[in-house]
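Asks: Just one file: work33.txt, with compact mmCIF, C-alpha atoms.
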```
# COMPACT_ATOMS: atom_id res chain seq x y z
CA MET D 1 82.65 -0.96 -6.24
CA THR D 2 78.92 -0.46 -5.74
CA LYS D 3 76.87 -0.57 -8.89
CA ARG D 4 74.54 2.41 -9.28
CA LEU D 5 70.88 1.70 -10.14
CA LYS D 6 69.68 2.78 -13.48
CA LYS D 7 66.97 5.44 -13.69
CA SER D 8 64.44 2.85 -14.86
CA GLU D 9 65.24 0.68 -11.84
CA PHE D 10 64.75 3.66 -9.52
CA MET D 11 61.36 4.29 -11.14
CA MET D 12 60.37 0.62 -10.76
CA ALA D 13 61.36 0.60 -7.07
CA TYR D 14 59.48 3.86 -6.53
CA MET D 15 56.33 2.45 -8.16
CA ILE D 16 56.52 -0.69 -6.04
CA ILE D 17 56.78 1.40 -2.87
CA ILE D 18 53.85 3.62 -3.95
CA THR D 19 51.76 0.54 -4.83
CA LEU D 20 52.47 -1.07 -1.46
CA ALA D 21 51.62 2.17 0.35
CA CYS D 22 48.34 2.53 -1.54
CA THR D 23 47.44 -1.12 -0.92
CA ILE D 24 48.10 -0.86 2.80
CA GLY D 25 46.32 2.49 3.01
CA GLY D 26 43.36 1.14 1.05
CA PHE D 27 43.15 -1.88 3.32
CA PHE D 28 42.97 0.22 6.48
CA PHE D 29 40.55 2.71 4.90
CA GLY D 30 38.32 -0.15 3.75
CA ALA D 31 38.46 -1.77 7.18
CA HIS D 32 37.52 1.54 8.81
CA TYR D 33 34.68 2.06 6.31
CA MET D 34 33.30 -1.44 6.85
CA LYS D 35 33.57 -1.05 10.61
CA ASN D 36 31.55 2.17 10.47
CA LYS D 37 29.03 0.61 8.11
CA ILE D 38 28.54 -2.42 10.38
CA GLU D 39 28.22 -0.22 13.46
CA THR D 40 25.65 1.99 11.70
CA ALA D 41 23.64 -1.04 10.58
CA GLN D 42 23.73 -2.48 14.10
CA ALA D 43 22.60 0.85 15.57
CA GLN D 44 19.74 1.08 13.07
CA ALA D 45 18.68 -2.50 13.81
CA LEU D 46 18.77 -1.82 17.55
CA GLU D 47 16.70 1.34 17.11
CA ALA D 48 14.15 -0.55 14.99
CA GLN D 49 13.92 -3.23 17.70
CA LYS D 50 13.37 -0.55 20.35
CA GLN D 51 10.64 1.09 18.28
CA GLU D 52 8.95 -2.25 17.65
CA ALA D 53 9.14 -3.12 21.36
CA GLU D 54 7.65 0.26 22.27
CA LYS D 55 4.88 -0.22 19.73
CA GLU D 56 4.08 -3.67 21.14
CA ARG D 57 4.07 -2.24 24.67
CA LEU D 58 1.64 0.49 23.70
CA LEU D 59 -0.55 -2.01 21.87
CA GLN D 60 -0.63 -4.28 24.90
CA GLU D 61 -1.60 -1.30 27.04
CA GLN D 62 -4.25 -0.48 24.40
CA LYS D 63 -2.92 3.03 23.83
CA LEU D 64 -2.72 2.78 20.02
CA TYR D 65 -5.44 2.58 17.33
CA SER D 66 -8.44 3.43 19.45
CA GLU D 67 -11.98 3.52 18.09
CA GLN D 68 -11.78 7.32 18.07
CA ASP D 69 -8.68 7.20 15.84
CA PHE D 70 -10.58 5.20 13.22
CA ILE D 71 -13.68 7.35 13.46
CA ARG D 72 -11.69 10.59 13.04
CA PHE D 73 -9.73 9.15 10.13
CA TYR D 74 -12.78 7.72 8.41
CA TYR D 75 -14.82 10.92 8.34
CA ALA D 76 -11.93 13.34 7.78
CA VAL D 77 -9.95 11.35 5.21
CA TYR D 78 -11.28 7.99 4.08
CA SER D 79 -14.90 8.88 3.38
CA PRO D 80 -13.96 11.83 1.11
CA VAL D 81 -11.46 9.80 -0.93
CA LEU D 82 -13.95 6.92 -1.26
CA ASP D 83 -16.51 9.43 -2.54
CA LEU D 84 -13.98 10.59 -5.14
CA LYS D 85 -13.37 7.02 -6.23
CA LYS D 86 -17.10 6.35 -6.56
CA ALA D 87 -17.59 9.55 -8.58
CA HIS D 88 -14.74 8.54 -10.91
CA PHE D 89 -16.09 5.04 -11.58
CA ASP D 90 -19.65 6.34 -11.99
CA VAL D 91 -18.39 8.59 -14.80
CA MET D 92 -16.33 5.82 -16.39
CA ASN D 93 -19.33 3.45 -16.32
CA GLN D 94 -21.43 6.03 -18.20
CA TRP D 95 -18.62 7.20 -20.49
CA GLY D 96 -19.76 5.33 -23.60
CA GLN D 97 -23.26 6.83 -23.41
CA MET D 98 -22.00 10.44 -23.24
CA ASP D 99 -21.36 12.74 -26.18
CA LYS D 100 -18.07 14.66 -26.30
CA LYS D 101 -19.46 17.75 -24.60
CA ALA D 102 -20.94 15.71 -21.76
CA GLN D 103 -17.63 13.88 -21.36
CA GLU D 104 -15.72 17.16 -21.08
CA GLN D 105 -18.20 18.42 -18.49
CA ALA D 106 -17.91 15.18 -16.53
CA LEU D 107 -14.10 15.46 -16.44
CA LYS D 108 -14.39 19.06 -15.25
CA GLN D 109 -16.74 17.96 -12.47
CA LEU D 110 -14.32 15.20 -11.41
CA SER D 111 -11.53 17.77 -11.17
CA GLN D 112 -13.72 19.95 -8.97
CA THR D 113 -14.59 16.96 -6.79
CA ALA D 114 -10.90 16.13 -6.44
CA GLU D 115 -10.11 19.73 -5.43
CA ALA D 116 -12.78 19.57 -2.72
CA THR D 117 -11.42 16.18 -1.62
CA LEU D 118 -7.91 17.56 -1.32
CA LYS D 119 -9.17 20.36 0.93
CA SER D 120 -10.81 17.77 3.17
CA VAL D 121 -7.84 15.40 3.49
CA ASP D 122 -5.41 18.29 3.89
CA LYS D 123 -6.93 19.30 7.22
CA THR D 124 -5.07 18.43 10.42
CA VAL D 125 -6.45 15.31 12.07
CA SER D 126 -5.37 14.17 15.52
CA LEU D 127 -3.84 10.75 14.79
CA GLN D 128 -0.75 10.71 17.02
CA THR D 129 -1.75 7.32 18.44
CA ALA D 130 -2.37 5.83 15.00
CA PRO D 131 0.87 6.27 13.01
CA LEU D 132 -0.25 4.07 10.11
CA LEU D 133 -3.37 6.18 9.63
CA LEU D 134 -1.23 9.32 9.76
CA GLN D 135 0.96 7.88 6.99
CA ALA D 136 -2.15 6.90 5.04
CA GLN D 137 -3.46 10.47 5.23
CA ALA D 138 -0.20 11.80 3.80
CA GLN D 139 -0.27 9.17 1.05
CA PHE D 140 -3.88 10.00 0.15
CA LYS D 141 -2.91 13.67 -0.14
CA ASN D 142 -0.23 12.68 -2.64
CA SER D 143 -2.75 10.51 -4.42
CA VAL D 144 -5.36 13.24 -4.84
CA ARG D 145 -2.71 15.71 -6.00
CA ALA D 146 -1.60 13.14 -8.58
CA TYR D 147 -5.24 12.71 -9.61
CA LEU D 148 -5.55 16.42 -10.28
CA ASP D 149 -2.31 16.46 -12.28
CA SER D 150 -3.41 13.43 -14.30
CA MET D 151 -6.88 14.88 -14.87
CA ASP D 152 -5.32 18.06 -16.32
CA GLN D 153 -3.52 15.88 -18.86
CA VAL D 154 -6.66 13.84 -19.55
CA ARG D 155 -8.73 16.95 -20.18
CA THR D 156 -6.07 18.35 -22.53
CA ASP D 157 -5.88 15.09 -24.48
CA GLN D 158 -9.67 14.76 -24.58
CA ASN D 159 -9.87 18.06 -26.48
CA SER D 160 -8.07 16.52 -29.44
CA ASN D 161 -8.85 12.80 -29.02
CA ALA D 162 -11.74 10.55 -28.15
CA LEU D 163 -10.35 8.89 -25.02
CA THR D 164 -11.68 5.61 -23.67
CA PRO D 165 -11.84 4.70 -19.96
CA GLY D 166 -8.75 2.57 -20.60
CA ASP D 167 -6.91 5.56 -22.08
CA ILE D 168 -7.83 7.64 -19.05
CA SER D 169 -6.68 4.93 -16.65
CA ASP D 170 -3.33 4.67 -18.46
CA ARG D 171 -2.72 8.37 -17.77
CA MET D 172 -3.34 8.00 -14.03
CA THR D 173 -0.60 5.58 -12.95
CA PRO D 174 0.97 7.88 -10.28
CA PHE D 175 -2.47 8.39 -8.75
CA HIS D 176 -3.13 4.64 -8.68
CA GLU D 177 0.23 3.85 -7.06
CA ASN D 178 -0.23 6.42 -4.29
CA TRP D 179 -3.82 5.38 -3.64
CA LEU D 180 -3.01 1.67 -3.42
CA LYS D 181 -0.14 2.34 -1.01
CA ALA D 182 -2.42 4.47 1.18
CA GLN D 183 -5.04 1.73 1.07
CA GLU D 184 -2.45 -0.80 2.26
CA LEU D 185 -1.67 1.40 5.25
CA VAL D 186 -5.35 1.72 6.15
CA TYR D 187 -5.91 -2.02 6.15
CA GLN D 188 -2.64 -2.66 7.96
CA SER D 189 -3.96 -0.39 10.71
CA PHE D 190 -7.18 -2.42 10.91
CA ALA D 191 -5.09 -5.59 11.17
CA THR D 192 -2.99 -3.97 13.90
CA TRP D 193 -6.15 -3.07 15.82
CA GLU D 194 -7.32 -6.66 15.46
CA SER D 195 -4.00 -8.05 16.68
CA ALA D 196 -4.08 -5.88 19.81
CA TYR D 197 -7.74 -5.92 20.76
CA VAL D 198 -9.24 -9.09 19.27
CA VAL D 199 -6.80 -11.97 18.72
CA LYS D 200 -4.13 -10.45 21.00
CA THR D 201 -1.18 -11.88 19.08
CA PRO D 202 1.47 -9.92 17.15
CA LEU D 203 1.14 -9.53 13.41
CA PRO D 204 3.39 -11.74 11.25
CA GLN D 205 6.68 -10.01 10.46
CA ALA D 206 6.20 -10.42 6.70
CA LEU D 207 3.82 -11.90 4.17
CA PRO D 208 4.90 -15.09 2.45
CA GLU D 209 5.34 -14.81 -1.31
CA LYS D 210 2.74 -17.52 -1.84
CA ILE D 211 -0.24 -17.98 0.50
CA THR D 212 -1.99 -21.32 0.36
CA ILE D 213 -5.69 -21.68 1.02
CA GLU D 214 -4.87 -23.45 4.29
CA GLN D 215 -2.70 -20.52 5.42
CA TRP D 216 -5.37 -18.03 4.38
CA LYS D 217 -7.96 -19.73 6.56
CA THR D 218 -5.73 -19.38 9.64
CA TYR D 219 -5.54 -15.59 9.27
CA PRO D 220 -8.06 -13.42 11.16
CA PHE D 221 -10.46 -11.32 9.10
CA HIS D 222 -8.70 -7.94 9.10
CA TYR D 223 -5.34 -9.53 8.37
CA ARG D 224 -6.94 -11.24 5.36
CA ASN D 225 -8.15 -7.79 4.26
CA TYR D 226 -4.59 -6.51 4.59
CA VAL D 227 -3.42 -9.41 2.42
CA THR D 228 -5.95 -8.49 -0.28
CA ALA D 229 -4.93 -4.81 -0.09
CA VAL D 230 -1.28 -5.81 -0.61
CA THR D 231 -2.32 -8.10 -3.47
CA LEU D 232 -4.18 -5.27 -5.19
CA SER D 233 -1.07 -3.07 -4.86
CA HIS D 234 1.28 -5.71 -6.22
CA ASP D 235 -1.03 -6.38 -9.17
CA HIS D 236 -1.56 -2.63 -9.81
CA GLN D 237 -5.31 -3.09 -9.52
CA TRP D 238 -7.20 0.10 -8.69
CA ARG D 239 -10.78 -1.11 -8.77
CA ALA D 240 -14.20 0.21 -7.77
CA PHE D 241 -14.48 -2.35 -4.95
CA ASN D 242 -12.71 -2.33 -1.58
CA PRO D 243 -10.34 -5.00 -0.20
CA GLU D 244 -13.09 -6.43 2.05
CA ASP D 245 -15.21 -7.08 -1.07
CA LEU D 246 -12.39 -9.19 -2.47
CA THR D 247 -11.90 -10.90 0.90
CA VAL D 248 -15.53 -11.97 1.20
CA ARG D 249 -15.45 -13.38 -2.34
CA LEU D 250 -12.30 -15.35 -1.55
CA ASP D 251 -13.81 -16.66 1.69
CA SER D 252 -16.94 -17.66 -0.20
CA LEU D 253 -14.89 -19.47 -2.85
CA PHE D 254 -12.69 -21.26 -0.31
CA SER D 255 -15.66 -22.38 1.80
CA SER D 256 -17.12 -24.22 -1.19
CA SER D 257 -15.79 -27.13 -3.20
CA ASP D 258 -15.29 -24.92 -6.26
CA ALA D 259 -11.66 -24.05 -5.53
CA GLN D 260 -10.63 -27.69 -5.31
CA ALA D 261 -12.64 -28.60 -8.40
CA LEU D 262 -10.92 -25.84 -10.36
CA GLY D 263 -7.47 -26.88 -9.15
CA ILE D 264 -6.89 -23.67 -7.18
CA HIS D 265 -4.47 -24.06 -4.26
CA ASP D 266 -3.31 -20.52 -3.42
CA VAL D 267 -4.71 -17.04 -2.96
CA HIS D 268 -3.09 -15.46 -6.00
CA ALA D 269 -4.57 -18.05 -8.36
CA ALA D 270 -7.99 -17.48 -6.77
CA VAL D 271 -7.68 -13.71 -7.20
CA ARG D 272 -6.78 -14.13 -10.88
CA LEU D 273 -9.88 -16.30 -11.34
CA LEU D 274 -12.16 -13.76 -9.63
CA PHE D 275 -10.74 -10.96 -11.77
CA ALA D 276 -11.07 -12.98 -14.97
CA THR D 277 -14.71 -13.81 -14.24
CA ASP D 278 -15.55 -10.28 -13.05
CA SER D 279 -16.85 -11.76 -9.79
CA ILE D 280 -16.04 -8.89 -7.42
CA HIS D 281 -18.29 -5.86 -7.06
CA PRO D 282 -18.52 -2.81 -4.79
CA GLY D 283 -20.68 -3.65 -1.78
CA ASP D 284 -20.10 -7.41 -1.88
CA PHE D 285 -18.93 -7.43 1.74
CA LYS D 286 -22.02 -5.67 3.07
CA GLN D 287 -24.25 -7.92 0.99
CA LEU D 288 -22.62 -11.23 1.93
CA HIS D 289 -20.99 -10.81 5.36
CA SER D 290 -23.99 -11.90 7.45
CA ARG D 291 -24.21 -15.09 5.39
CA ILE D 292 -20.50 -15.97 5.67
CA TYR D 293 -19.40 -14.56 9.05
CA SER D 294 -21.27 -15.34 12.27
CA ASP D 295 -19.41 -12.97 14.59
CA LEU D 296 -17.05 -10.38 13.16
CA PRO D 297 -15.38 -7.80 15.45
CA THR D 298 -14.63 -4.60 13.54
CA PRO D 299 -13.81 -0.99 14.39
CA GLU D 300 -16.91 1.21 14.61
CA VAL D 301 -16.73 2.71 11.13
CA PRO D 302 -19.39 2.57 8.37
CA LEU D 303 -16.98 0.63 6.14
CA PHE D 304 -17.91 -2.62 7.89
CA LYS D 305 -21.48 -1.81 8.95
```
Mind converting the file's structure to structure tokens?
Replies:
Amino acid sequence: MTKRLKKSEFMMAYMIIITLACTIGGFFFGAHYMKNKIETAQAQALEAQKQEAEKERLLQEQKLYSEQDFIRFYYAVYSPVLDLKKAHFDVMNQWGQMDKKAQEQALKQLSQTAEATLKSVDKTVSLQTAPLLLQAQAQFKNSVRAYLDSMDQVRTDQNSNALTPGDISDRMTPFHENWLKAQELVYQSFATWESAYVVKTPLPQALPEKITIEQWKTYPFHYRNYVTAVTLSHDHQWRAFNPEDLTVRLDSLFSSSDAQALGIHDVHAAVRLLFATDSIHPGDFKQLHSRIYSDLPTPEVPLFK
């Protein structure tokens, strides 16, 4: 006589069957998901390779980053934002000598300057053959908008507090981040121009985490500027000087025996030293370049002239 299963045994068997079904179903679903994910990643990698190959082809044919691209970008975008930066630091340098009314008027004037700057950089500029400059323009727009937002907060706080330049800087972090990213893109475009038209070798795929002095000296000038722009971004350093001012100071330091005497072996340590000793100033490149560089190919923009 066949023994009938108890209700609890039926339930146990049922749960085992359900568990096995879910496990098998989960396995096949997971396999399908991973297959799709791998195929998507492979397709994206292939597309990136195609885009990079096309970019290299256009660079070799000298169809990207022409002199006209840089000239249009400089006068339409970069010169106005540099003027805003200079106006900001001029006010901050005089801040301690101003009374409260003069400070409020200075902040109002900076806001007006930023509004005029935004109108300038918001205009359409033909940069189809310079994608990095096109990205930089968009990033500078975001930066100036963030400046205006931050300045509204600064002016509100100044009404009830006596802010210092440090207090003002602390309220402008979004502006700094957008500016520094845009600056990176500008100097990456200069390095790309240099790679195509001067040294005629592709740019390195990525920057090493630590750059020794020996490595630094092997880099061409505009790529060194790109390195300093990236360094300023990573260190969150929005300063009155430009990346080429930092580059010329590093080149000056590394060409002397001072770096070795001070036990400096990499770029980041040298940058920290220059910051700590306040050794970098706006205009250093234009003042020192003829003494340090004998022949320096650059795009025809006032930045390097």
Asks: Tell me, as JSON, numbers by chain, which residues lie within 10 Å of D:Leu303, counting all atoms listed in the file; anything in the same chain fewer than 4 positions away does not count.
Replies: {"D": [74, 78, 79, 242, 244, 283, 285, 286, 298, 299]}
Asks: List as an NGL selection string the residues having at least one atom at most 10 Å from position (5.6, -13.1, -6.2) as given in the file, counting all atoms listed in the file.
Replies: :D and (208-210 or 231 or 234-235 or 268)
Asks: Write the selection just made, keeping C-alpha atoms, as a short mmCIF file (atom, residue, chain, number, x, y, z; two decimals), in the coordinates of the input?
Replies:
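The new file result-v1.cif reads:
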```cif
data_model
loop_
_atom_site.label_atom_id
_atom_site.label_comp_id
_atom_site.auth_asym_id
_atom_site.auth_seq_id
_atom_site.Cartn_x
_atom_site.Cartn_y
_atom_site.Cartn_z
CA PRO D 208 4.90 -15.09 2.45
CA GLU D 209 5.34 -14.81 -1.31
CA LYS D 210 2.74 -17.52 -1.84
CA THR D 231 -2.32 -8.10 -3.47
CA HIS D 234 1.28 -5.71 -6.22
CA ASP D 235 -1.03 -6.38 -9.17
CA HIS D 268 -3.09 -15.46 -6.00
#
```
Asks: I need every residue sitting at most 10 Å from the point (0.2, 2.9, -4.0) (coordinates as in the file, all atoms listed in the file considered), written as a list in words.
Replies: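 Protein, DNA and RNA residues close to (0.2, 2.9, -4.0): Gln139, Phe140, Asn142, Ser143, Thr173, Pro174, Phe175, His176, Glu177, Asn178, Trp179, Leu180, Lys181, Ala182, Gln183, Glu184, Leu185, Val230, Leu232, Ser233, His234, His236, Gln237 and Trp238 of chain D.
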Asks: Do a neighbour search on D:Thr192 at 12 Å with only C-alpha atoms, toss out local chain neighbours closer than 6 positions, and write the hits as number ranges by chain.
Replies: D: 55-56, 58-60, 62, 64-66, 70, 130-133, 185-186, 198-205, 220-226, 298-299
Asks: How far is it from atom CA of D:Ile280 to atom CA of D:Asn93, in Å with one decimal?
Replies: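 Separating atom CA of D:Ile280 from atom CA of D:Asn93 is a distance of 15.6 Å.
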Asks: Compile the contact shell of D:Ser120 as a ChimeraX atom specification: residues with an atom at most 10 Å away, counting all atoms listed in the file, same-chain residues fewer than 6 positions apart removed.
Replies: /D:75-81,114,141
Asks: Give me, please, the distance in Å between atom CA of D:His88 and atom CA of D:Ala136, quoted to one decimal.
Replies: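 These atoms are spaced 20.4 Å apart.
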Asks: Closest to D:Lys217 among D:Ala240, D:Leu163, D:Leu262, D:Leu253, using all atoms listed in the file?
Replies: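 The closest residue to D:Lys217 is D:Leu253.
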Asks: Given the choices D:Phe275, D:Thr113, D:Ala106, D:Leu20, which gets closest to D:Asp83 if the distance is worked out from all atoms listed in the file?
Replies: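 Nearest candidate to D:Asp83 out of D:Phe275, D:Thr113, D:Ala106, D:Leu20: D:Thr113.
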Asks: So the first atom is atom CA of D:Ala138 and the second is atom CA of D:Leu107; what is the distance between them in Å, to one decimal place?
Replies: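 Pair atom CA of D:Ala138 / atom CA of D:Leu107 returns 24.8 Å.
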